[in-house]
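As stored in work-v1.cif (mmCIF, C-alpha atoms (C1' of nucleotides) and all ligand atoms):
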data_upload
#
loop_
_atom_site.label_atom_id
_atom_site.label_comp_id
_atom_site.auth_asym_id
_atom_site.auth_seq_id
_atom_site.Cartn_x
_atom_site.Cartn_y
_atom_site.Cartn_z
CA MET A 1 0.00 0.00 0.00
CA PHE A 2 2.58 2.57 1.14
CA SER A 3 6.33 2.41 0.45
CA LYS A 4 8.70 1.54 3.29
CA ALA A 5 9.87 5.16 3.22
CA CYS A 6 6.31 6.34 3.73
CA GLU A 7 5.65 3.88 6.54
CA TYR A 8 8.78 5.05 8.36
CA GLY A 9 7.83 8.65 7.65
CA ILE A 10 4.41 8.33 9.24
CA ARG A 11 5.71 6.40 12.25
CA ALA A 12 8.49 8.96 12.74
CA ALA A 13 6.11 11.89 12.46
CA VAL A 14 3.77 10.36 15.01
CA TYR A 15 6.66 9.77 17.40
CA ILE A 16 7.92 13.34 16.96
CA ALA A 17 4.40 14.63 17.60
CA LEU A 18 4.12 12.52 20.74
CA GLN A 19 7.41 13.85 22.12
CA SER A 20 6.61 17.41 21.09
CA LEU A 21 3.48 17.17 23.23
CA GLU A 22 5.88 16.63 26.14
CA GLY A 23 8.02 19.55 25.01
CA ARG A 24 10.87 17.27 23.95
CA ARG A 25 12.89 17.67 20.78
CA VAL A 26 14.17 14.34 19.44
CA SER A 27 17.19 13.17 17.43
CA VAL A 28 17.24 10.86 14.41
CA ASN A 29 18.93 8.22 16.54
CA GLU A 30 16.18 8.25 19.14
CA ILE A 31 13.45 8.22 16.50
CA ALA A 32 14.97 5.29 14.61
CA GLU A 33 15.36 3.41 17.88
CA GLU A 34 11.77 4.05 18.97
CA ILE A 35 10.13 3.19 15.67
CA ASP A 36 12.58 0.37 14.81
CA SER A 37 13.81 1.75 11.50
CA PRO A 38 17.23 2.07 9.79
CA ILE A 39 18.89 5.24 11.09
CA ALA A 40 20.44 6.75 7.95
CA PHE A 41 17.43 5.93 5.81
CA THR A 42 15.16 7.49 8.40
CA ALA A 43 17.35 10.60 8.36
CA LYS A 44 16.72 11.00 4.62
CA ILE A 45 13.00 10.71 5.08
CA LEU A 46 13.02 13.26 7.89
CA GLN A 47 14.83 15.67 5.57
CA GLN A 48 12.03 15.27 3.04
CA LEU A 49 9.37 15.87 5.68
CA SER A 50 11.28 18.88 6.93
CA ARG A 51 11.55 20.38 3.45
CA ASN A 52 7.81 19.85 3.06
CA ASN A 53 7.12 21.61 6.36
CA VAL A 54 5.56 18.55 7.92
CA ILE A 55 8.08 18.67 10.76
CA HIS A 56 10.56 21.28 11.97
CA SER A 57 14.28 20.59 12.32
CA VAL A 58 16.92 22.35 14.43
CA LYS A 59 20.65 21.85 13.86
CA GLY A 60 23.41 21.73 16.44
CA PRO A 61 23.53 20.66 20.08
CA THR A 62 20.08 20.46 21.72
CA GLY A 63 18.79 20.30 18.13
CA GLY A 64 16.58 17.65 16.63
CA PHE A 65 13.05 17.36 15.27
CA GLU A 66 9.81 18.76 16.60
CA ILE A 67 6.28 19.63 15.50
CA GLU A 68 4.39 22.70 16.64
CA ARG A 69 1.25 21.93 18.56
CA THR A 70 -0.90 23.75 15.99
CA ASP A 71 0.81 21.95 13.08
CA MET A 72 0.21 18.55 14.53
CA GLU A 73 -3.52 19.24 14.33
CA THR A 74 -3.52 20.71 10.84
CA VAL A 75 -1.04 18.27 9.29
CA LYS A 76 -3.00 15.29 7.99
CA LEU A 77 -1.52 12.02 6.80
CA ASN A 78 -2.22 12.80 3.17
CA LEU A 79 0.46 15.52 3.34
CA ILE A 80 3.07 13.00 4.44
CA VAL A 81 1.99 10.41 1.91
CA LYS A 82 2.07 12.94 -0.92
CA ALA A 83 5.48 14.26 0.17
CA ILE A 84 7.03 10.79 0.14
CA ASP A 85 5.04 8.60 -2.26
CA GLY A 86 3.61 11.24 -4.55
CA ASP A 87 -0.01 11.14 -5.64
CA GLN A 88 -0.18 7.88 -7.61
CA ILE A 89 -2.24 6.36 -4.81
CA TYR A 90 -4.75 9.21 -5.17
CA VAL A 91 -5.00 9.43 -8.94
CA GLY A 92 -3.46 6.27 -10.42
CA CYS A 93 -5.38 3.46 -12.14
CA GLY A 94 -5.71 0.31 -10.07
CA LEU A 95 -4.80 -1.85 -13.05
CA GLY A 96 -1.88 0.32 -14.13
CA LEU A 97 -3.32 2.12 -17.15
CA LYS A 98 -1.43 5.31 -17.90
CA GLU A 99 -4.15 7.46 -16.38
CA CYS A 100 -7.33 6.71 -14.50
CA ASP A 101 -10.05 8.23 -16.63
CA ALA A 102 -13.74 7.71 -15.95
CA ASP A 103 -14.47 8.33 -19.65
CA LYS A 104 -12.34 5.38 -20.71
CA PRO A 105 -12.16 3.29 -17.56
CA CYS A 106 -10.43 -0.01 -16.88
CA PRO A 107 -12.68 -2.93 -15.91
CA LEU A 108 -12.04 -2.34 -12.22
CA HIS A 109 -12.46 1.44 -12.28
CA ASP A 110 -15.78 1.88 -10.45
CA LYS A 111 -14.97 -0.55 -7.68
CA PHE A 112 -11.42 0.68 -7.34
CA VAL A 113 -12.39 4.33 -7.15
CA ASP A 114 -14.69 3.56 -4.23
CA ILE A 115 -11.82 2.11 -2.22
CA ARG A 116 -9.39 4.80 -3.28
CA THR A 117 -11.82 7.53 -2.29
CA ASP A 118 -12.32 6.00 1.14
CA LEU A 119 -8.57 5.80 1.58
CA ARG A 120 -8.13 9.40 0.51
CA HIS A 121 -10.80 10.62 2.89
CA MET A 122 -9.23 8.66 5.70
CA LEU A 123 -5.80 10.15 5.05
CA GLU A 124 -7.21 13.65 4.61
CA SER A 125 -9.04 13.54 7.91
CA THR A 126 -6.44 11.92 10.15
CA SER A 127 -4.09 14.28 11.99
CA LEU A 128 -0.81 13.57 13.69
CA TYR A 129 -2.30 14.89 16.92
CA GLU A 130 -5.04 12.30 16.80
CA LEU A 131 -2.57 9.47 16.25
CA ALA A 132 -0.10 10.75 18.86
CA THR A 133 -2.69 11.02 21.61
CA GLY A 134 -3.72 7.43 21.05
CA LEU A 135 -0.07 6.51 21.59
CA GLU A 136 0.15 8.69 24.68
CA VAL A 137 -2.73 6.84 26.28
CA GLY A 138 -0.85 3.60 25.64
CA LEU A 139 -3.43 2.11 23.31
CA THR A 140 -1.23 1.90 20.24
CA TYR A 141 2.37 1.10 19.31
CA LEU A 142 5.02 2.20 16.83
CA LYS A 143 7.07 -0.98 16.86
CA ARG A 144 6.68 -4.64 17.77
CA MET B 1 -1.50 -0.69 -4.41
CA PHE B 2 -0.73 -3.73 -6.61
CA SER B 3 2.65 -4.62 -8.11
CA LYS B 4 3.18 -4.17 -11.84
CA ALA B 5 3.22 -7.96 -12.15
CA CYS B 6 -0.20 -8.12 -10.51
CA GLU B 7 -1.63 -5.35 -12.67
CA TYR B 8 -0.46 -7.14 -15.83
CA GLY B 9 -1.75 -10.42 -14.42
CA ILE B 10 -5.26 -9.11 -13.88
CA ARG B 11 -5.40 -7.34 -17.23
CA ALA B 12 -4.13 -10.48 -18.98
CA ALA B 13 -6.62 -12.72 -17.20
CA VAL B 14 -9.49 -10.43 -18.15
CA TYR B 15 -8.37 -10.42 -21.78
CA ILE B 16 -8.05 -14.21 -21.82
CA ALA B 17 -11.52 -14.50 -20.31
CA LEU B 18 -12.94 -12.15 -22.92
CA GLN B 19 -11.44 -14.17 -25.78
CA SER B 20 -12.43 -17.48 -24.22
CA LEU B 21 -16.02 -16.27 -24.27
CA GLU B 22 -15.60 -16.13 -28.05
CA GLY B 23 -14.03 -19.57 -28.06
CA ARG B 24 -10.59 -18.20 -28.95
CA ARG B 25 -7.36 -19.37 -27.42
CA VAL B 26 -4.74 -16.59 -27.26
CA SER B 27 -0.94 -16.41 -27.35
CA VAL B 28 1.37 -14.43 -25.06
CA ASN B 29 2.20 -12.16 -27.97
CA GLU B 30 -1.40 -11.27 -28.61
CA ILE B 31 -2.09 -10.76 -24.91
CA ALA B 32 0.91 -8.48 -24.42
CA GLU B 33 -0.10 -6.50 -27.49
CA GLU B 34 -3.71 -6.11 -26.34
CA ILE B 35 -2.97 -5.12 -22.78
CA ASP B 36 0.18 -3.12 -23.64
CA SER B 37 2.64 -5.03 -21.46
CA PRO B 38 6.21 -6.35 -21.92
CA ILE B 39 5.98 -9.73 -23.67
CA ALA B 40 8.54 -11.83 -21.80
CA PHE B 41 7.56 -10.45 -18.42
CA THR B 42 3.93 -11.15 -19.18
CA ALA B 43 4.87 -14.72 -20.12
CA LYS B 44 6.34 -15.25 -16.64
CA ILE B 45 3.22 -13.96 -14.98
CA LEU B 46 1.01 -16.19 -17.12
CA GLN B 47 3.10 -19.17 -16.01
CA GLN B 48 2.39 -18.26 -12.41
CA LEU B 49 -1.31 -17.95 -13.08
CA SER B 50 -1.27 -21.25 -14.94
CA ARG B 51 0.48 -23.04 -12.06
CA ASN B 52 -2.14 -21.57 -9.70
CA ASN B 53 -4.96 -22.82 -11.93
CA VAL B 54 -6.26 -19.35 -12.61
CA ILE B 55 -5.88 -19.91 -16.34
CA HIS B 56 -5.25 -22.96 -18.52
CA SER B 57 -2.31 -23.21 -20.92
CA VAL B 58 -1.83 -25.42 -23.98
CA LYS B 59 1.56 -25.94 -25.59
CA GLY B 60 2.40 -26.35 -29.25
CA PRO B 61 0.79 -25.08 -32.45
CA THR B 62 -2.79 -23.85 -31.94
CA GLY B 63 -1.84 -23.63 -28.27
CA GLY B 64 -2.13 -20.63 -26.00
CA PHE B 65 -4.12 -19.55 -22.95
CA GLU B 66 -7.76 -19.95 -22.14
CA ILE B 67 -10.17 -19.99 -19.22
CA GLU B 68 -13.09 -22.36 -18.86
CA ARG B 69 -16.43 -20.64 -18.77
CA THR B 70 -17.18 -22.04 -15.32
CA ASP B 71 -13.76 -21.01 -13.98
CA MET B 72 -14.17 -17.46 -15.13
CA GLU B 73 -17.18 -17.15 -12.86
CA THR B 74 -15.63 -18.84 -9.84
CA VAL B 75 -12.18 -17.27 -10.11
CA LYS B 76 -12.24 -14.00 -8.18
CA LEU B 77 -9.57 -11.34 -8.29
CA ASN B 78 -8.31 -12.19 -4.82
CA LEU B 79 -6.98 -15.47 -6.22
CA ILE B 80 -4.87 -13.64 -8.78
CA VAL B 81 -3.65 -11.06 -6.30
CA LYS B 82 -2.68 -13.76 -3.80
CA ALA B 83 -0.93 -15.82 -6.47
CA ILE B 84 1.22 -12.88 -7.57
CA ASP B 85 1.55 -10.45 -4.67
CA GLY B 86 0.98 -12.81 -1.77
CA ASP B 87 -1.25 -11.86 1.13
CA GLN B 88 0.56 -8.84 2.61
CA ILE B 89 -2.22 -6.62 1.29
CA TYR B 90 -4.74 -8.73 3.20
CA VAL B 91 -2.92 -9.18 6.50
CA GLY B 92 -0.05 -6.65 6.62
CA CYS B 93 0.11 -3.60 8.89
CA GLY B 94 -0.48 -0.31 7.08
CA LEU B 95 2.44 1.29 8.88
CA GLY B 96 4.79 -1.64 8.33
CA LEU B 97 4.86 -3.23 11.79
CA LYS B 98 5.96 -6.86 11.63
CA GLU B 99 2.40 -8.10 12.04
CA CYS B 100 -0.97 -6.41 12.16
CA ASP B 101 -2.33 -7.35 15.57
CA ALA B 102 -5.50 -5.83 17.00
CA ASP B 103 -4.19 -6.53 20.52
CA LYS B 104 -1.15 -4.33 19.97
CA PRO B 105 -2.23 -2.10 17.10
CA CYS B 106 -0.36 0.68 15.32
CA PRO B 107 -1.93 4.15 15.52
CA LEU B 108 -3.63 3.70 12.16
CA HIS B 109 -4.90 0.16 12.73
CA ASP B 110 -8.66 0.75 13.10
CA LYS B 111 -8.93 3.10 10.17
CA PHE B 112 -6.61 1.01 8.01
CA VAL B 113 -8.43 -2.23 8.68
CA ASP B 114 -11.68 -0.67 7.48
CA ILE B 115 -10.14 0.16 4.11
CA ARG B 116 -8.33 -3.16 3.86
CA THR B 117 -11.51 -5.07 4.60
CA ASP B 118 -13.41 -3.20 1.92
CA LEU B 119 -10.63 -3.94 -0.54
CA ARG B 120 -10.62 -7.60 0.39
CA HIS B 121 -14.39 -7.90 -0.02
CA MET B 122 -14.19 -6.18 -3.37
CA LEU B 123 -11.49 -8.56 -4.61
CA GLU B 124 -13.27 -11.60 -3.19
CA SER B 125 -16.51 -10.75 -4.91
CA THR B 126 -15.29 -9.69 -8.34
CA SER B 127 -15.03 -12.42 -10.98
CA LEU B 128 -13.20 -12.45 -14.28
CA TYR B 129 -16.52 -13.08 -16.03
CA GLU B 130 -17.95 -9.88 -14.61
CA LEU B 131 -14.95 -7.84 -15.75
CA ALA B 132 -14.77 -9.51 -19.17
CA THR B 133 -18.43 -8.88 -20.00
CA GLY B 134 -17.99 -5.19 -19.24
CA LEU B 135 -15.17 -5.20 -21.79
CA GLU B 136 -17.28 -7.11 -24.30
CA VAL B 137 -19.96 -4.46 -24.19
CA GLY B 138 -17.28 -1.87 -24.96
CA LEU B 139 -17.65 0.04 -21.71
CA THR B 140 -14.15 -0.57 -20.39
CA TYR B 141 -10.58 -0.81 -21.69
CA LEU B 142 -7.39 -2.76 -21.00
CA LYS B 143 -4.96 -0.21 -22.41
CA ARG B 144 -4.81 3.48 -23.22
"C1'" DT C 1 8.85 -38.21 -39.42
"C1'" DA C 2 10.45 -33.41 -39.90
"C1'" DT C 3 9.03 -28.87 -39.31
"C1'" DT C 4 6.87 -25.47 -37.00
"C1'" DA C 5 4.48 -23.00 -33.40
"C1'" DA C 6 3.63 -22.42 -28.96
"C1'" DT C 7 4.54 -22.49 -23.62
"C1'" DC C 8 8.14 -23.55 -19.85
"C1'" DG C 9 12.01 -22.53 -17.26
"C1'" DG C 10 16.52 -20.87 -16.11
"C1'" DA C 11 20.01 -17.37 -16.42
"C1'" DC C 12 20.85 -12.86 -17.02
"C1'" DA C 13 20.20 -7.41 -17.21
"C1'" DA C 14 18.31 -3.02 -15.94
"C1'" DA C 15 15.92 -0.06 -13.03
"C1'" DA C 16 13.96 1.29 -8.77
"C1'" DA C 17 13.66 1.06 -3.86
"C1'" DT C 18 15.96 0.53 0.25
"C1'" DG C 19 19.81 1.25 3.05
"C1'" DT C 20 24.87 2.99 4.41
"C1'" DC C 21 28.82 6.07 4.93
"C1'" DC C 22 31.14 10.18 5.20
"C1'" DT C 23 31.85 15.10 4.77
"C1'" DT C 24 29.82 19.68 5.38
"C1'" DT C 25 27.07 23.08 7.81
"C1'" DA C 26 24.87 25.20 11.68
"C1'" DT C 27 24.55 25.89 16.57
"C1'" DT C 28 25.41 25.38 21.49
"C1'" DT C 29 28.42 25.43 25.30
"C1'" DA C 30 32.68 25.18 27.73
"C1'" DT D 1 37.25 30.91 20.25
"C1'" DA D 2 37.48 25.84 20.27
"C1'" DA D 3 35.16 21.65 20.85
"C1'" DA D 4 31.23 19.04 20.61
"C1'" DT D 5 26.65 17.90 18.76
"C1'" DA D 6 23.13 17.34 15.56
"C1'" DA D 7 20.93 17.79 10.90
"C1'" DA D 8 21.95 18.29 5.64
"C1'" DG D 9 23.46 16.36 1.65
"C1'" DG D 10 26.07 13.71 -1.66
"C1'" DA D 11 28.09 9.41 -3.10
"C1'" DC D 12 27.86 4.76 -2.84
"C1'" DA D 13 26.06 -0.24 -1.84
"C1'" DT D 14 22.53 -3.71 -1.51
"C1'" DT D 15 18.21 -5.75 -2.44
"C1'" DT D 16 13.97 -6.18 -4.81
"C1'" DT D 17 11.24 -5.54 -8.74
"C1'" DT D 18 10.84 -5.33 -13.40
"C1'" DG D 19 12.19 -6.84 -17.70
"C1'" DT D 20 15.00 -9.74 -21.49
"C1'" DC D 21 17.04 -13.73 -23.83
"C1'" DC D 22 17.53 -18.23 -25.15
"C1'" DG D 23 17.40 -23.20 -25.09
"C1'" DA D 24 14.20 -27.12 -23.75
"C1'" DT D 25 9.77 -29.14 -24.04
"C1'" DT D 26 5.29 -30.18 -26.07
"C1'" DA D 27 2.07 -30.88 -29.67
"C1'" DA D 28 -0.06 -30.06 -34.37
"C1'" DT D 29 0.42 -30.75 -39.21
"C1'" DA D 30 2.43 -31.23 -43.68
S1 LIG A 201 -9.17 3.59 -15.05
FE1 LIG A 201 -8.45 2.00 -13.81
S2 LIG A 201 -9.03 2.70 -11.86
FE2 LIG A 201 -9.77 4.28 -13.11
S1 LIG A 202 -1.32 -2.98 13.39
FE1 LIG A 202 -1.02 -1.53 11.83
S2 LIG A 202 -2.74 -1.90 10.58
FE2 LIG A 202 -3.05 -3.34 12.16
#
In structure tokens, write the structure found in this file.
Amino acid sequence: MFSKACEYGIRAAVYIALQSLEGRRVSVNEIAEEIDSPIAFTAKILQQLSRNNVIHSVKGPTGGFEIERTDMETVKLNLIVKAIDGDQIYVGCGLGLKECDADKPCPLHDKFVDIRTDLRHMLESTSLYELATGLEVGLTYLKR
Amino acid sequence: MFSKACEYGIRAAVYIALQSLEGRRVSVNEIAEEIDSPIAFTAKILQQLSRNNVIHSVKGPTGGFEIERTDMETVKLNLIVKAIDGDQIYVGCGLGLKECDADKPCPLHDKFVDIRTDLRHMLESTSLYELATGLEVGLTYLKR
DNA sequence: TATTAATCGGACAAAAATGTCCTTTATTTA
DNA sequence: TAAATAAAGGACATTTTTGTCCGATTAATA
């Protein structure tokens, strides 16, 4: 469904949000440890998210990654997915035709669009804050 | 969502079903031409589908691929997807945790499972016959 | 029976995704 | 001001996916 990079990106962003709620700024090393992801690869993904203003980075000692409280409510998952995986999942044809076009649809078009629309709505309506608070309460996990 | 191999596999199976309805057996070359896919790669995928009894192959002159009329009604898309992509899309965690486990869920679990379940039901209820007849009527396309 | 047409299967090649390493840059603090 | 710390970024390595090539096998037909 999502690329590995995107999965790490979402998990990392949720972890950063969680720690930002506590006023803590976190390093790549801590993030990778807490979400069980490869450090250097995670660093690349965090750069992407930073460039796309999903998270905020600070260089130097006491530096690290954080998310403003207001951002973590306005930033929805679709922003992260688009930043990392692009928009193929939102606009691409389920059977791989060059474009998804309702005027010349593939055999699966109608049924596929239903699913894709649900997925899009879900991603557009889910904020980092919502996911982080579930974590905070101890109901959900970022690694196993 | 699906791998390229799986996309080609579904398109190929639908085309074979369509031609089998006309009593025609089709070659890899014709299939690849009609669904706009790489010939040799398509051949590999057809082998997989043949081994998994999704389609039937016949060697030698006048040979090719076909699907029994009864099979094309009982074979649902989930069989093709499982044969080619495995079952990660059915059982995997949306955020990439080692397993998806409702007892120790990732932050996205509930929302992701809803989508995944819809997708699974769609694939389990859609037959090749259904997709092929849409094509036959000229409402849908396998290439663009 | 020889030729031909088709899939099968294995080895290989190319491209994309995933992952690593190392140097540079910015910033804090001693 | 020097040392230490942390992200940024570029080059490189590995793995997976996608795609190609070619000889072996099977079966129809002249
Ligand atoms: S054309 Fe295939 S999903 Fe729309
Ligand atoms: S645990 Fe992540 S989707 Fe179920």
Query raised in the report: Skipping near chain neighbours, those fewer than 3 positions away, what residues fall within 12 Å of DC22 (chain C) using only C-alpha atoms (C1' of nucleotides), listed as a list in words?
Result: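 In the requested format, the answer is Ala40 of chain A; DG9, DG10, DA11 and DC12 of chain D.
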Query raised in the report: Which protein, DNA or RNA residues have an atom within 12 Å of ligand LIG 201 (chain A), counting only C-alpha atoms (C1' of nucleotides) and all ligand atoms, as a PyMOL selection string?
Result: (chain A and resi 88-117) or (chain B and resi 1-2+7+10-11+131+139-144)
Query raised in the report: If you count all atoms listed in the file, which residues fall within 12 Å of DA5 (chain C), apart from same-chain ones fewer than 2 positions away, as a list in words?
Result: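 Once the adjacent positions are removed, what remains is Ser27, Val58, Lys59, Gly60, Pro61, Thr62, Gly63 and Gly64 of chain B; DT3 and DT7 of chain C; DT26, DA27, DA28 and DT29 of chain D.
A straight line drawn from C1' of DG19 (chain D) to CA of Asn78 (chain B) is 24.8 Å long.
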Query - chain D residues near chain A (12 Å cut-off, all atoms listed in the file) as a ChimeraX atom specification - result: /D:3-10
Requested in this report: For Gly9 (chain A), please output as a ChimeraX atom specification all residues within 10 Å (counting all atoms listed in the file; exclusion window: fewer than 2 positions along the same chain).
Outcome: /A:3-7,11-15,35,37,42-46,48-49,77,80-81,83-84 /B:95
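Reported to one decimal place, the separation of C1' of DT18 (chain C) from CA of Leu128 (chain A) is 25.1 Å.
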Requested in this report: Report the distance between CA of Asp118 (chain A) and CA of Arg120 (chain B) in Å, rounded to one decimal place.
Outcome: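 Straight-line distance from CA of Asp118 (chain A) to CA of Arg120 (chain B) works out to 13.7 Å.
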Could you write out as JSON the box around ligand LIG 202 (chain A) (axis-aligned, all atoms listed in the file, 6 Å on each side), with centre and edge lengths in Å to one decimal?
{"center_x": -2.0, "center_y": -2.4, "center_z": 12.0, "size_x": 14.0, "size_y": 13.8, "size_z": 14.8}
Query - Nearest residue to chain B from the set A:Asn29, A:Thr70, A:Thr133, A:Ile16 (distances using only C-alpha atoms) - result: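 Of A:Asn29, A:Thr70, A:Thr133, A:Ile16, the one nearest chain B is A:Thr133, counting only C-alpha atoms.
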